[in-house]
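**Student:** Have a look at the structure that comes next, please.
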Amino acid sequence: MRVSAKADYAIRVLLELAADTSRPITCEAVASTQDIPPRFIKAVIRDLRQAGLVRSQRGCEGGYWLARDAASITVRDAVTAVDGPHLSVRGEPRPAVGYHGTAAHLGGLWSAVESQLDLVLRATTIAHLLAGPTPHRIAN
């Protein structure tokens, strides 16, 4: 499995914003603190804003805030905001890929992987990540 740079950056942006809710934080500050290339951060924040996870404040004291409490923002929310659906096979959405013959049951494996991945991403919030180590196993 591969996590996109954009998804990784989105989670890191949300963690930075959640760490200090007393004031808006600029793109430049987040990019510098998290070592995120400045050319990517604005696109990531735009996607997070469109998904309703981040809000902005204009002006001299402007920057970005979380739009919701960190405990209500899941890692799945962040990943979906920047990457869309989670699992693709050969770049195609998983249900669109058909298998035949000896590989006929492979689709079931990918469904199970997607289901388990979704469980972990839904069960882990930005607040959980900010608080410390995440659980290695999520009970379903």
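Every chain in the structure tokens has a letter given in the order shown (A, B, ...), and although residue numbers restart at 1 in each chain, ligands are simply numbered from 1 in the order shown.
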Could you give me, as number ranges by chain, the residues within 12 Å of Ala7 (chain A), counting only C-alpha atoms and dropping anything in the same chain fewer than 4 positions from it?

**Tutor:** A: 2-3, 11-14, 36, 40-41, 43-45, 47-48, 75-86, 121

**Student:** Could you pull out the strand (DSSP E) residues of chain A from DSSP and send them as a ChimeraX atom specification?

**Tutor:** /A:54-57,63-66,88-89,92-93

**Student:** Selection from above, C-alpha atoms, as a compact mmCIF listing (two decimals), in the first residue's frame, can you write it?

**Tutor:**
# COMPACT_ATOMS: atom_id res chain seq x y z
CA VAL A 54 -10.10 23.93 7.64
CA ARG A 55 -11.31 27.53 7.65
CA SER A 56 -9.39 30.69 6.87
CA GLN A 57 -9.09 34.16 8.32
CA GLY A 63 -4.12 32.19 8.55
CA TYR A 64 -5.89 28.87 8.97
CA TRP A 65 -7.80 27.14 11.77
CA LEU A 66 -9.49 23.78 12.11
CA SER A 88 -7.34 1.60 -6.38
CA VAL A 89 -5.85 -1.27 -8.31
CA GLU A 92 -8.56 2.21 -11.32
CA PRO A 93 -11.24 2.24 -8.60

**Student:** Quick one: of A:Thr33, A:Ala71, A:Tyr9, A:Ser4, who's nearest to Ala131 (chain A), counting only C-alpha atoms?

**Tutor:**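 Ranked by minimum distance to Ala131 (chain A), first place goes to A:Ala71.
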
**Student:** Write down as a VMD selection string the residues of chain A whose backbone DSSP state falls under alpha helix (DSSP H).

**Tutor:** chain A and resid 5 to 19 27 to 34 38 to 50 75 to 83 106 to 123 126 to 131
